[in-house]
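File shown: coords26.pdb (PDB, C-alpha atoms).
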ATOM      1  CA  MET A   1     131.731 -30.224 100.230
ATOM      2  CA  LYS A   2     132.984 -26.690 100.687
ATOM      3  CA  LYS A   3     133.651 -26.471  96.946
ATOM      4  CA  ILE A   4     130.139 -27.733  96.151
ATOM      5  CA  GLY A   5     128.634 -25.183  98.577
ATOM      6  CA  LEU A   6     130.652 -22.378  97.007
ATOM      7  CA  LEU A   7     129.568 -23.466  93.542
ATOM      8  CA  ILE A   8     125.906 -23.503  94.596
ATOM      9  CA  TRP A   9     126.277 -19.999  96.086
ATOM     10  CA  ILE A  10     127.893 -18.670  92.861
ATOM     11  CA  VAL A  11     125.115 -20.182  90.719
ATOM     12  CA  ALA A  12     122.424 -18.694  92.976
ATOM     13  CA  LEU A  13     124.083 -15.271  92.898
ATOM     14  CA  THR A  14     124.343 -15.443  89.105
ATOM     15  CA  ILE A  15     120.656 -16.303  88.779
ATOM     16  CA  LEU A  16     119.789 -13.422  91.118
ATOM     17  CA  LEU A  17     121.883 -10.958  89.108
ATOM     18  CA  ILE A  18     120.372 -12.160  85.842
ATOM     19  CA  GLY A  19     116.888 -11.750  87.308
ATOM     20  CA  CYS A  20     117.625  -8.223  88.484
ATOM     21  CA  THR A  21     119.061  -7.308  85.081
ATOM     22  CA  GLN A  22     116.027  -8.704  83.300
ATOM     23  CA  ALA A  23     113.679  -6.837  85.646
ATOM     24  CA  LYS A  24     115.585  -3.607  85.077
ATOM     25  CA  ASN A  25     115.499  -4.121  81.293
ATOM     26  CA  GLU A  26     111.773  -4.833  81.419
ATOM     27  CA  GLU A  27     111.191  -1.670  83.465
ATOM     28  CA  GLU A  28     113.253   0.406  81.024
ATOM     29  CA  ASN A  29     111.398  -1.144  78.094
ATOM     30  CA  MET A  30     108.067  -0.308  79.733
ATOM     31  CA  GLU A  31     109.169   3.289  80.294
ATOM     32  CA  GLY A  32     110.358   3.461  76.696
ATOM     33  CA  SER A  33     107.068   2.115  75.384
ATOM     34  CA  GLN A  34     105.145   4.584  77.537
ATOM     35  CA  SER A  35     107.099   7.491  76.074
ATOM     36  CA  ILE A  36     106.511   6.142  72.568
ATOM     37  CA  GLU A  37     102.791   5.962  73.275
ATOM     38  CA  LYS A  38     102.586   9.658  74.142
ATOM     39  CA  GLU A  39     100.671  11.579  71.507
ATOM     40  CA  LYS A  40     102.797  14.260  69.861
ATOM     41  CA  VAL A  41     100.934  17.584  69.878
ATOM     42  CA  THR A  42     102.063  20.915  68.460
ATOM     43  CA  VAL A  43     100.523  24.215  69.559
ATOM     44  CA  VAL A  44     101.213  27.237  67.340
ATOM     45  CA  LEU A  45     101.025  30.588  69.095
ATOM     46  CA  ASP A  46      99.587  33.737  67.552
ATOM     47  CA  TRP A  47     102.547  35.890  68.564
ATOM     48  CA  THR A  48     105.619  35.774  70.762
ATOM     49  CA  PRO A  49     105.028  34.154  74.198
ATOM     50  CA  ASN A  50     103.072  36.334  76.616
ATOM     51  CA  THR A  51     100.573  36.026  79.434
ATOM     52  CA  ASN A  52      97.757  35.029  77.080
ATOM     53  CA  HIS A  53      99.642  31.743  76.772
ATOM     54  CA  THR A  54     100.684  31.168  80.380
ATOM     55  CA  GLY A  55      98.234  28.362  81.131
ATOM     56  CA  MET A  56      99.791  26.180  78.444
ATOM     57  CA  TYR A  57     103.304  26.769  79.730
ATOM     58  CA  VAL A  58     102.084  25.945  83.250
ATOM     59  CA  ALA A  59     100.548  22.701  81.966
ATOM     60  CA  LEU A  60     103.878  21.904  80.323
ATOM     61  CA  GLU A  61     105.947  22.723  83.416
ATOM     62  CA  LYS A  62     103.665  20.996  85.921
ATOM     63  CA  GLY A  63     103.407  17.813  83.857
ATOM     64  CA  TYR A  64      99.663  18.117  83.216
ATOM     65  CA  TYR A  65     100.133  17.289  79.541
ATOM     66  CA  GLU A  66     102.550  14.462  80.246
ATOM     67  CA  ASP A  67     100.179  12.972  82.802
ATOM     68  CA  SER A  68      97.512  12.980  80.094
ATOM     69  CA  GLY A  69      99.726  11.039  77.705
ATOM     70  CA  LEU A  70     100.556  14.037  75.551
ATOM     71  CA  ASP A  71     103.939  15.236  74.331
ATOM     72  CA  VAL A  72     103.222  18.933  73.748
ATOM     73  CA  GLU A  73     105.455  21.364  71.895
ATOM     74  CA  ILE A  74     104.615  25.086  71.846
ATOM     75  CA  ILE A  75     106.008  26.993  68.879
ATOM     76  CA  GLN A  76     105.809  30.526  67.526
ATOM     77  CA  PRO A  77     103.844  31.167  64.332
ATOM     78  CA  PRO A  78     105.300  31.197  60.824
ATOM     79  CA  GLU A  79     104.807  34.205  58.591
ATOM     80  CA  GLY A  80     101.612  32.716  57.153
ATOM     81  CA  GLY A  81     100.003  32.490  60.572
ATOM     82  CA  ALA A  82      98.916  29.656  62.811
ATOM     83  CA  LEU A  83      95.434  28.949  61.465
ATOM     84  CA  SER A  84      96.590  27.652  58.101
ATOM     85  CA  LEU A  85      98.818  25.077  59.802
ATOM     86  CA  VAL A  86      95.981  23.412  61.724
ATOM     87  CA  ALA A  87      93.775  23.580  58.623
ATOM     88  CA  ALA A  88      96.459  21.645  56.739
ATOM     89  CA  ASN A  89      96.946  19.151  59.606
ATOM     90  CA  LYS A  90     100.532  20.337  60.095
ATOM     91  CA  ALA A  91      99.804  21.296  63.720
ATOM     92  CA  GLN A  92      97.126  20.185  66.133
ATOM     93  CA  PHE A  93      96.183  23.431  67.878
ATOM     94  CA  ALA A  94      96.543  27.142  67.178
ATOM     95  CA  VAL A  95      96.029  30.340  69.122
ATOM     96  CA  THR A  96      93.916  32.623  66.970
ATOM     97  CA  PHE A  97      90.965  35.074  67.127
ATOM     98  CA  GLN A  98      87.257  35.037  66.351
ATOM     99  CA  GLU A  99      87.785  37.855  63.861
ATOM    100  CA  GLU A 100      90.281  35.615  62.022
ATOM    101  CA  ILE A 101      88.166  32.450  62.132
ATOM    102  CA  GLY A 102      85.172  34.218  60.525
ATOM    103  CA  PRO A 103      86.790  35.261  57.228
ATOM    104  CA  ALA A 104      88.546  31.882  57.061
ATOM    105  CA  LEU A 105      85.176  30.109  57.203
ATOM    106  CA  ALA A 106      83.417  32.517  54.859
ATOM    107  CA  ALA A 107      86.087  32.434  52.153
ATOM    108  CA  GLU A 108      85.434  30.741  48.815
ATOM    109  CA  ASN A 109      88.006  28.117  49.784
ATOM    110  CA  ALA A 110      86.990  27.883  53.434
ATOM    111  CA  LEU A 111      89.502  26.594  55.960
ATOM    112  CA  PRO A 112      88.272  23.476  57.825
ATOM    113  CA  VAL A 113      88.873  24.852  61.327
ATOM    114  CA  THR A 114      86.886  25.212  64.550
ATOM    115  CA  ALA A 115      87.377  27.207  67.742
ATOM    116  CA  ILE A 116      87.406  24.859  70.751
ATOM    117  CA  ALA A 117      87.983  27.205  73.718
ATOM    118  CA  THR A 118      88.389  30.859  74.557
ATOM    119  CA  ILE A 119      91.575  31.761  76.404
ATOM    120  CA  ILE A 120      90.210  35.023  77.831
ATOM    121  CA  ASP A 121      86.489  35.362  78.470
ATOM    122  CA  HIS A 122      86.006  39.004  77.445
ATOM    123  CA  ASN A 123      87.545  41.227  74.785
ATOM    124  CA  LEU A 124      90.234  43.294  76.525
ATOM    125  CA  SER A 125      91.185  45.402  73.523
ATOM    126  CA  GLY A 126      90.648  49.100  72.974
ATOM    127  CA  ILE A 127      92.169  52.444  72.045
ATOM    128  CA  ILE A 128      94.861  53.944  74.275
ATOM    129  CA  SER A 129      96.328  57.458  74.233
ATOM    130  CA  LEU A 130      98.235  59.758  76.550
ATOM    131  CA  LYS A 131      95.877  61.547  78.911
ATOM    132  CA  GLU A 132      97.278  64.918  77.809
ATOM    133  CA  LYS A 133      95.801  64.326  74.330
ATOM    134  CA  GLY A 134      92.281  64.427  75.780
ATOM    135  CA  ILE A 135      91.016  61.466  73.739
ATOM    136  CA  ASP A 136      88.586  60.076  76.302
ATOM    137  CA  SER A 137      85.828  59.095  73.850
ATOM    138  CA  PRO A 138      85.785  57.745  70.253
ATOM    139  CA  LYS A 139      84.527  61.060  68.822
ATOM    140  CA  LYS A 140      87.666  62.777  70.072
ATOM    141  CA  LEU A 141      89.740  60.671  67.686
ATOM    142  CA  GLU A 142      88.793  63.294  65.103
ATOM    143  CA  GLY A 143      91.993  65.071  64.086
ATOM    144  CA  ALA A 144      94.172  62.570  65.979
ATOM    145  CA  ASN A 145      96.974  60.500  64.472
ATOM    146  CA  TYR A 146      95.873  56.889  64.867
ATOM    147  CA  ALA A 147      98.387  54.069  64.225
ATOM    148  CA  SER A 148      96.473  51.667  61.983
ATOM    149  CA  TRP A 149      97.116  48.062  61.015
ATOM    150  CA  ASP A 150      95.274  49.115  57.847
ATOM    151  CA  THR A 151      92.959  46.086  57.803
ATOM    152  CA  PRO A 152      89.250  46.177  56.848
ATOM    153  CA  PHE A 153      88.294  44.628  60.171
ATOM    154  CA  GLU A 154      90.162  47.186  62.294
ATOM    155  CA  LYS A 155      88.918  50.139  60.263
ATOM    156  CA  GLY A 156      85.374  48.788  60.369
ATOM    157  CA  ILE A 157      85.425  48.623  64.182
ATOM    158  CA  LEU A 158      87.013  52.060  64.464
ATOM    159  CA  LYS A 159      84.519  53.628  62.075
ATOM    160  CA  SER A 160      81.643  52.092  64.007
ATOM    161  CA  ILE A 161      82.687  53.338  67.446
ATOM    162  CA  VAL A 162      83.575  56.844  66.192
ATOM    163  CA  GLU A 163      80.248  57.252  64.388
ATOM    164  CA  GLN A 164      78.274  55.735  67.260
ATOM    165  CA  ASP A 165      79.763  58.480  69.425
ATOM    166  CA  GLY A 166      78.676  61.147  66.940
ATOM    167  CA  GLY A 167      82.070  61.619  65.298
ATOM    168  CA  ASP A 168      83.234  61.753  61.684
ATOM    169  CA  PHE A 169      85.481  58.787  60.914
ATOM    170  CA  HIS A 170      86.935  60.538  57.859
ATOM    171  CA  LYS A 171      88.489  63.116  60.181
ATOM    172  CA  VAL A 172      90.629  60.479  61.917
ATOM    173  CA  ASN A 173      94.187  60.515  60.569
ATOM    174  CA  LEU A 174      94.969  56.857  59.843
ATOM    175  CA  ILE A 175      98.709  56.281  59.828
ATOM    176  CA  PRO A 176      99.682  52.753  58.671
ATOM    177  CA  ASN A 177     101.968  51.572  61.425
ATOM    178  CA  THR A 178     102.327  48.142  62.999
ATOM    179  CA  VAL A 179     103.268  49.290  66.486
ATOM    180  CA  THR A 180     105.405  46.830  68.446
ATOM    181  CA  ASP A 181     106.349  49.204  71.269
ATOM    182  CA  VAL A 182     103.314  51.144  72.454
ATOM    183  CA  ILE A 183     105.218  53.164  75.042
ATOM    184  CA  SER A 184     107.657  54.507  72.453
ATOM    185  CA  ALA A 185     104.929  55.050  69.843
ATOM    186  CA  LEU A 186     102.815  57.189  72.155
ATOM    187  CA  GLN A 187     105.782  59.508  72.624
ATOM    188  CA  THR A 188     106.107  60.213  68.881
ATOM    189  CA  ASN A 189     103.581  61.788  66.512
ATOM    190  CA  ILE A 190     101.211  58.859  67.188
ATOM    191  CA  ASP A 191      98.268  59.948  69.348
ATOM    192  CA  ALA A 192      96.325  56.686  69.685
ATOM    193  CA  VAL A 193      96.900  52.951  69.284
ATOM    194  CA  TRP A 194      94.706  49.856  69.471
ATOM    195  CA  VAL A 195      96.080  47.661  72.258
ATOM    196  CA  TYR A 196      95.267  44.569  74.279
ATOM    197  CA  TYR A 197      95.119  46.033  77.739
ATOM    198  CA  GLY A 198      96.263  42.897  79.545
ATOM    199  CA  TRP A 199      99.724  43.373  78.030
ATOM    200  CA  ASP A 200     100.350  46.795  76.472
ATOM    201  CA  GLY A 201      97.980  48.627  78.812
ATOM    202  CA  ILE A 202      99.716  47.128  81.822
ATOM    203  CA  ALA A 203     103.064  48.053  80.257
ATOM    204  CA  THR A 204     102.027  51.736  80.116
ATOM    205  CA  GLU A 205     101.064  51.572  83.805
ATOM    206  CA  LEU A 206     104.472  50.161  84.732
ATOM    207  CA  ALA A 207     106.136  52.886  82.657
ATOM    208  CA  GLY A 208     104.262  55.514  84.674
ATOM    209  CA  LEU A 209     102.346  56.911  81.708
ATOM    210  CA  GLU A 210      99.010  58.594  82.364
ATOM    211  CA  THR A 211      96.628  57.367  79.703
ATOM    212  CA  ASN A 212      93.033  57.326  78.523
ATOM    213  CA  TYR A 213      91.707  53.941  77.468
ATOM    214  CA  ILE A 214      88.543  53.340  75.439
ATOM    215  CA  SER A 215      87.323  49.764  75.766
ATOM    216  CA  ILE A 216      85.578  48.897  72.503
ATOM    217  CA  ARG A 217      83.229  46.439  74.216
ATOM    218  CA  ASP A 218      82.101  49.211  76.543
ATOM    219  CA  VAL A 219      81.213  51.355  73.527
ATOM    220  CA  ASN A 220      79.303  48.507  71.886
ATOM    221  CA  PRO A 221      78.655  45.146  73.631
ATOM    222  CA  THR A 222      78.590  43.454  70.217
ATOM    223  CA  PHE A 223      82.350  43.965  70.185
ATOM    224  CA  ASP A 224      82.799  41.645  73.153
ATOM    225  CA  PHE A 225      84.048  39.034  70.718
ATOM    226  CA  TYR A 226      86.455  36.246  71.600
ATOM    227  CA  THR A 227      90.123  37.077  71.320
ATOM    228  CA  PRO A 228      92.320  35.066  71.712
ATOM    229  CA  ILE A 229      90.947  31.546  71.277
ATOM    230  CA  LEU A 230      92.226  28.014  70.703
ATOM    231  CA  ALA A 231      91.339  26.350  67.406
ATOM    232  CA  SER A 232      91.992  23.054  65.672
ATOM    233  CA  GLY A 233      91.491  21.422  62.301
ATOM    234  CA  ASN A 234      88.204  19.637  61.708
ATOM    235  CA  ASP A 235      89.844  16.368  60.622
ATOM    236  CA  TYR A 236      91.937  16.245  63.767
ATOM    237  CA  LEU A 237      88.913  16.972  65.951
ATOM    238  CA  GLN A 238      86.919  14.207  64.325
ATOM    239  CA  GLU A 239      89.662  11.590  64.372
ATOM    240  CA  ASN A 240      91.290  12.391  67.746
ATOM    241  CA  ALA A 241      88.459  13.442  70.057
ATOM    242  CA  ASP A 242      89.999  11.783  73.130
ATOM    243  CA  GLN A 243      93.330  13.550  72.647
ATOM    244  CA  VAL A 244      91.551  16.873  72.178
ATOM    245  CA  ARG A 245      89.653  16.386  75.427
ATOM    246  CA  LYS A 246      92.867  15.450  77.239
ATOM    247  CA  PHE A 247      94.639  18.507  75.851
ATOM    248  CA  LEU A 248      91.870  20.876  76.885
ATOM    249  CA  ALA A 249      91.521  19.312  80.344
ATOM    250  CA  ALA A 250      95.250  19.754  80.990
ATOM    251  CA  THR A 251      95.207  23.263  79.494
ATOM    252  CA  ALA A 252      92.222  24.260  81.643
ATOM    253  CA  LYS A 253      94.111  22.976  84.689
ATOM    254  CA  GLY A 254      97.063  25.166  83.675
ATOM    255  CA  TYR A 255      94.909  28.284  83.423
ATOM    256  CA  GLU A 256      93.191  27.518  86.727
ATOM    257  CA  PHE A 257      96.647  27.308  88.315
ATOM    258  CA  ALA A 258      97.542  30.688  86.770
ATOM    259  CA  ILE A 259      94.331  32.159  88.189
ATOM    260  CA  GLU A 260      95.169  30.948  91.686
ATOM    261  CA  ASN A 261      98.944  31.481  91.536
ATOM    262  CA  PRO A 262      99.644  34.424  89.199
ATOM    263  CA  ASP A 263     103.159  35.156  90.487
ATOM    264  CA  GLU A 264     104.389  31.579  90.113
ATOM    265  CA  ALA A 265     102.651  31.276  86.755
ATOM    266  CA  ALA A 266     104.458  34.402  85.511
ATOM    267  CA  GLU A 267     107.781  32.936  86.626
ATOM    268  CA  ILE A 268     107.017  29.740  84.690
ATOM    269  CA  LEU A 269     106.258  31.780  81.564
ATOM    270  CA  VAL A 270     109.531  33.683  81.840
ATOM    271  CA  ASN A 271     111.417  30.437  82.441
ATOM    272  CA  TYR A 272     110.239  29.243  79.014
ATOM    273  CA  ALA A 273     110.488  32.686  77.406
ATOM    274  CA  PRO A 274     113.381  34.511  79.126
ATOM    275  CA  GLU A 275     113.042  37.450  76.737
ATOM    276  CA  VAL A 276     109.823  38.417  78.564
ATOM    277  CA  ASP A 277     110.260  41.062  81.266
ATOM    278  CA  LEU A 278     109.445  39.462  84.627
ATOM    279  CA  ALA A 279     107.942  42.600  86.173
ATOM    280  CA  LEU A 280     105.600  43.027  83.200
ATOM    281  CA  ALA A 281     104.725  39.325  83.226
ATOM    282  CA  LYS A 282     103.816  39.429  86.927
ATOM    283  CA  ALA A 283     101.744  42.604  86.620
ATOM    284  CA  SER A 284      99.973  41.305  83.531
ATOM    285  CA  GLN A 285      99.396  37.930  85.167
ATOM    286  CA  ALA A 286      97.818  39.553  88.219
ATOM    287  CA  PHE A 287      95.462  41.446  85.897
ATOM    288  CA  LEU A 288      94.543  38.420  83.792
ATOM    289  CA  ALA A 289      93.929  36.207  86.809
ATOM    290  CA  ASN A 290      90.526  37.895  86.995
ATOM    291  CA  GLU A 291      89.941  37.754  83.248
ATOM    292  CA  TYR A 292      90.743  34.239  82.006
ATOM    293  CA  ARG A 293      87.278  33.002  82.931
ATOM    294  CA  ALA A 294      85.933  36.248  84.474
ATOM    295  CA  GLU A 295      82.480  35.574  85.947
ATOM    296  CA  LYS A 296      82.201  32.090  84.433
ATOM    297  CA  GLU A 297      82.598  28.980  86.566
ATOM    298  CA  GLN A 298      84.568  27.171  83.890
ATOM    299  CA  TRP A 299      87.503  28.303  81.784
ATOM    300  CA  GLY A 300      87.206  28.147  78.015
ATOM    301  CA  VAL A 301      83.442  28.201  77.455
ATOM    302  CA  ILE A 302      82.260  30.188  74.422
ATOM    303  CA  ASP A 303      78.836  31.842  74.598
ATOM    304  CA  LYS A 304      76.759  31.159  71.474
ATOM    305  CA  THR A 305      74.895  34.483  71.565
ATOM    306  CA  ARG A 306      78.049  36.595  71.816
ATOM    307  CA  TRP A 307      79.742  34.557  69.086
ATOM    308  CA  THR A 308      76.766  34.817  66.728
ATOM    309  CA  ASN A 309      76.056  38.512  67.351
ATOM    310  CA  PHE A 310      79.571  39.467  66.372
ATOM    311  CA  TYR A 311      79.439  37.488  63.124
ATOM    312  CA  GLN A 312      76.099  39.069  62.302
ATOM    313  CA  TRP A 313      77.713  42.485  62.758
ATOM    314  CA  MET A 314      80.656  41.494  60.548
ATOM    315  CA  TYR A 315      78.321  40.230  57.825
ATOM    316  CA  ALA A 316      76.145  43.362  57.979
ATOM    317  CA  HIS A 317      79.257  45.515  57.518
ATOM    318  CA  ASP A 318      80.658  43.520  54.575
ATOM    319  CA  LEU A 319      83.465  42.002  56.643
ATOM    320  CA  LEU A 320      82.247  38.454  55.941
ATOM    321  CA  ALA A 321      81.414  37.071  52.526
ATOM    322  CA  LYS A 322      78.433  35.163  53.894
ATOM    323  CA  ASP A 323      76.264  34.886  56.990
ATOM    324  CA  LEU A 324      77.895  32.293  59.259
ATOM    325  CA  GLY A 325      75.249  32.247  61.945
ATOM    326  CA  SER A 326      76.780  30.438  64.921
ATOM    327  CA  GLN A 327      79.262  28.388  62.888
ATOM    328  CA  GLY A 328      82.893  28.046  63.827
ATOM    329  CA  PHE A 329      83.006  26.997  67.476
ATOM    330  CA  THR A 330      82.221  24.125  69.805
ATOM    331  CA  ASN A 331      82.338  23.573  73.580
ATOM    332  CA  GLU A 332      82.020  19.802  73.321
ATOM    333  CA  PHE A 333      85.692  19.027  73.994
ATOM    334  CA  LEU A 334      85.953  21.082  77.192
ATOM    335  CA  PRO A 335      85.960  19.252  80.546
ATOM    336  CA  GLN A 336      82.472  18.349  81.682
ATOM    337  CA  GLN A 337      81.444  20.026  84.916
ATOM    338  CA  GLU A 338      80.211  17.800  87.705
ATOM    339  CA  GLY A 339      76.546  18.065  88.624
TER     340      GLY A 339
END
Is it possible to give me this structure as structure tokens?
Amino acid sequence: MKKIGLLIWIVALTILLIGCTQAKNEEENMEGSQSIEKEKVTVVLDWTPNTNHTGMYVALEKGYYEDSGLDVEIIQPPEGGALSLVAANKAQFAVTFQEEIGPALAAENALPVTAIATIIDHNLSGIISLKEKGIDSPKKLEGANYASWDTPFEKGILKSIVEQDGGDFHKVNLIPNTVTDVISALQTNIDAVWVYYGWDGIATELAGLETNYISIRDVNPTFDFYTPILASGNDYLQENADQVRKFLAATAKGYEFAIENPDEAAEILVNYAPEVDLALAKASQAFLANEYRAEKEQWGVIDKTRWTNFYQWMYAHDLLAKDLGSQGFTNEFLPQQEG
């Protein structure tokens, strides 16, 4: 009897162990299938990682994308730029600019792309110079050495603001120079540089430089165009609307976190991009916390009037091959506000 009892106990234990093993295998298989089901998404940046991109890194770190069923990879742009990749369906999302979308849409072989959200609500770019140079208005760029990207768009904006202020654009010394270090450039023969204040302007503050800054949108409200923005390819938008909405909802959550927690958000950015100076990231993040959605209630919304007015200006100044009207953007994939 004892042997029979022992045998029964061994059989029962074996069945229990088999059951546990099967349950564990089923659980692992379920987890594996869940990971397989995650939609692979690639985001191509416009430049090296900086605080314009923080919300996406926050969404990555905090699991907002993963919770939405997305496997997101953020990569730096190739030499040809980010926009061409989404147009060719080789990436799902790209960080770009309204001034880049326009010519892409107006070209003879137009790129099938659409802006789906603005990262920063207002244009934070302008002309910076050392205060000792006395360049506190566009007219005073006359006779100054200006570091130029030498693009029609940039020169068109510069010409407009100088002449609007009563100056002679032909008296501005345009020096082709793609400045990567504004602080060093301003201490050479370069008198003025176009910068994005949320990064390079903050960097000059941290360096203790006394500067004059001319906000181009303050000179002309038409220049309050959207830069930077998120864009995607039209085929992807049409065929994957649910994934686009999930991506933007998680991204919006990331930027809202950065607005409320700028210090922690900056630390997350630097964790993913250790080459970024932490002090600069934190100072820039504190500045941008008030700029990502500015006075708007919702992050990412593009205003039709502002978008259209800028393209009308570009067309009138021969910077677009055709009148685009309000083409090139949509707000339909952004999270819907309650009420």
Exercise. Mind pulling up the distance from atom CA of Pro138 of chain A to atom CA of Ile119 of chain A?
Worked result: 27.3 Å
Exercise. Counting only C-alpha atoms, what is within 10 Å of Arg293 of chain A, bar same-chain residues fewer than 3 positions away, as an NGL selection string?
Worked result: :A and (118-122 or 255-256 or 259 or 288-290 or 296-301)
For this session: Expand the PyMOL selection byres ((chain A and resi 72) around 6) into the individual residues it matches in the shown file, reporting them as JSON, numbers by chain.
Result: {"A": [41, 42, 70, 71, 73]}
Can I get the selected residues back with C-alpha atoms, as a short mmCIF file (atom, residue, chain, number, x, y, z; two decimals), in the coordinates of the input?
data_model
loop_
_atom_site.label_atom_id
_atom_site.label_comp_id
_atom_site.auth_asym_id
_atom_site.auth_seq_id
_atom_site.Cartn_x
_atom_site.Cartn_y
_atom_site.Cartn_z
CA VAL A 41 100.93 17.58 69.88
CA THR A 42 102.06 20.92 68.46
CA LEU A 70 100.56 14.04 75.55
CA ASP A 71 103.94 15.24 74.33
CA GLU A 73 105.46 21.36 71.90
#
Which residues, protein or nucleic acid, reach to within 10 Å of (91.0, 46.4, 76.0) in the file's coordinates when using only C-alpha atoms, and can you give that as a compact mmCIF listing (two decimals) with C-alpha atoms, keeping the file's coordinate frame?
# COMPACT_ATOMS: atom_id res chain seq x y z
CA HIS A 122 86.01 39.00 77.44
CA ASN A 123 87.54 41.23 74.78
CA LEU A 124 90.23 43.29 76.53
CA SER A 125 91.18 45.40 73.52
CA GLY A 126 90.65 49.10 72.97
CA ILE A 127 92.17 52.44 72.04
CA ILE A 128 94.86 53.94 74.28
CA TRP A 194 94.71 49.86 69.47
CA VAL A 195 96.08 47.66 72.26
CA TYR A 196 95.27 44.57 74.28
CA TYR A 197 95.12 46.03 77.74
CA GLY A 198 96.26 42.90 79.54
CA TRP A 199 99.72 43.37 78.03
CA ASP A 200 100.35 46.80 76.47
CA GLY A 201 97.98 48.63 78.81
CA TYR A 213 91.71 53.94 77.47
CA ILE A 214 88.54 53.34 75.44
CA SER A 215 87.32 49.76 75.77
CA ILE A 216 85.58 48.90 72.50
CA ARG A 217 83.23 46.44 74.22
CA ASP A 218 82.10 49.21 76.54
CA ASP A 224 82.80 41.64 73.15
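In this model, the gap between atom CA of Ala91 of chain A and atom CA of Val44 of chain A comes to 7.1 Å.
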Let me know the centre plus edge lengths, in Å and rounded to one decimal, of a box with edges along x, y and z that contains all listed atoms of segment 113-132 of chain A and is padded by 5 Å on every side, as JSON.
{"center_x": 92.1, "center_y": 44.9, "center_z": 70.1, "size_x": 22.2, "size_y": 50.1, "size_z": 27.6}
Seminar exercise, completed: Counting all atoms listed in the file, the residue among A:Glu275, A:Asp136, A:Glu79, A:Asp46 that lies closest to Phe97 of chain A is A:Asp46
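When the PyMOL selection byres ((chain A and resi 258) around 10) is evaluated on the file shown here, the picked residues come out as Thr51, Thr54, Gly55, Met56, Tyr57, Val58, Ala59, Ala252, Lys253, Gly254, Tyr255, Glu256, Phe257, Ile259, Glu260, Asn261, Pro262, Asp263, Glu264, Ala265, Ala266, Ile268, Gln285, Ala286, Leu288, Ala289 and Tyr292 of chain A.
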For this session: Could you give me, as a list in words, the residues within 12 Å of Asn189 of chain A, counting all atoms listed in the file and dropping anything in the same chain fewer than 5 positions from it?
Result: Ser129, Leu130, Lys133, Ala144, Asn145, Tyr146, Ala147, Asn173, Leu174, Ile175, Asn177 and Ser184 of chain A
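Put simply, atom CA of Ala192 of chain A is 22.8 Å away from atom CA of Tyr226 of chain A.
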For this session: I need the residue set behind the PyMOL selection byres ((chain A and resi 115) around 9) for this file; please write it as a PyMOL selection string.
Result: chain A and resi 96-98+101+113-114+116-118+229-233+302+328-331
For this session: Might you pull out every residue within 6 Å of segment 165-171 of chain A, with only C-alpha atoms counted and same-chain residues fewer than 3 positions away left off, and present them as a ChimeraX atom specification?
Result: /A:139,142-143,159,162
Could you turn the residues from that selection into a file that holds C-alpha atoms, as an mmCIF file, keeping the file's coordinate frame?
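Once everything was written out, this is out-v1.cif:
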data_model
loop_
_atom_site.group_PDB
_atom_site.id
_atom_site.type_symbol
_atom_site.label_atom_id
_atom_site.label_comp_id
_atom_site.auth_asym_id
_atom_site.auth_seq_id
_atom_site.Cartn_x
_atom_site.Cartn_y
_atom_site.Cartn_z
ATOM 1 C CA LYS A 139 84.527 61.060 68.822
ATOM 2 C CA GLU A 142 88.793 63.294 65.103
ATOM 3 C CA GLY A 143 91.993 65.071 64.086
ATOM 4 C CA LYS A 159 84.519 53.628 62.075
ATOM 5 C CA VAL A 162 83.575 56.844 66.192
#
Expected residue set, 8 Å radius at (104.6, 30.7, 66.2), only C-alpha atoms, as a compact mmCIF listing (two decimals) with C-alpha atoms, in the coordinates of the input:
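Heads up, here's the output in out28.txt:
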# COMPACT_ATOMS: atom_id res chain seq x y z
CA VAL A 44 101.21 27.24 67.34
CA LEU A 45 101.02 30.59 69.10
CA ASP A 46 99.59 33.74 67.55
CA TRP A 47 102.55 35.89 68.56
CA THR A 48 105.62 35.77 70.76
CA ILE A 74 104.62 25.09 71.85
CA ILE A 75 106.01 26.99 68.88
CA GLN A 76 105.81 30.53 67.53
CA PRO A 77 103.84 31.17 64.33
CA PRO A 78 105.30 31.20 60.82
CA GLY A 81 100.00 32.49 60.57
CA ALA A 82 98.92 29.66 62.81
Exercise. Smallest atom-to-atom distance to Asp181 of chain A: which of A:Val276, A:Val193, A:Ala106, A:Ala88, using all atoms listed in the file?
Worked result: A:Val193
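If only C-alpha atoms are the atoms counted, then among A:Ala241, A:Met314, A:Leu141, A:Ala110 the closest residue to Asn212 of chain A is A:Leu141.
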For this session: Choose the residue, out of A:Gly63, A:Phe223, A:Phe93, A:Phe333, that has the smallest atom-to-atom separation from Arg306 of chain A; count only C-alpha atoms.
Result: A:Phe223
Can you take the partial segment 185-189 of chain A, add N, CA and C atoms, and return it as a compact mmCIF listing (two decimals), in the frame of the given file?
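To be explicit, this is the file written out as selection_8.txt:
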# COMPACT_ATOMS: atom_id res chain seq x y z
N ALA A 185 105.80 54.48 70.87
CA ALA A 185 104.93 55.05 69.84
C ALA A 185 104.13 56.24 70.36
N LEU A 186 103.63 56.11 71.59
CA LEU A 186 102.82 57.19 72.16
C LEU A 186 103.63 58.45 72.45
N GLN A 187 104.93 58.35 72.37
CA GLN A 187 105.78 59.51 72.62
C GLN A 187 106.38 60.04 71.32
N THR A 188 105.74 59.67 70.19
CA THR A 188 106.11 60.21 68.88
C THR A 188 104.92 61.04 68.38
N ASN A 189 104.73 61.05 67.06
CA ASN A 189 103.58 61.79 66.51
C ASN A 189 102.30 60.96 66.54
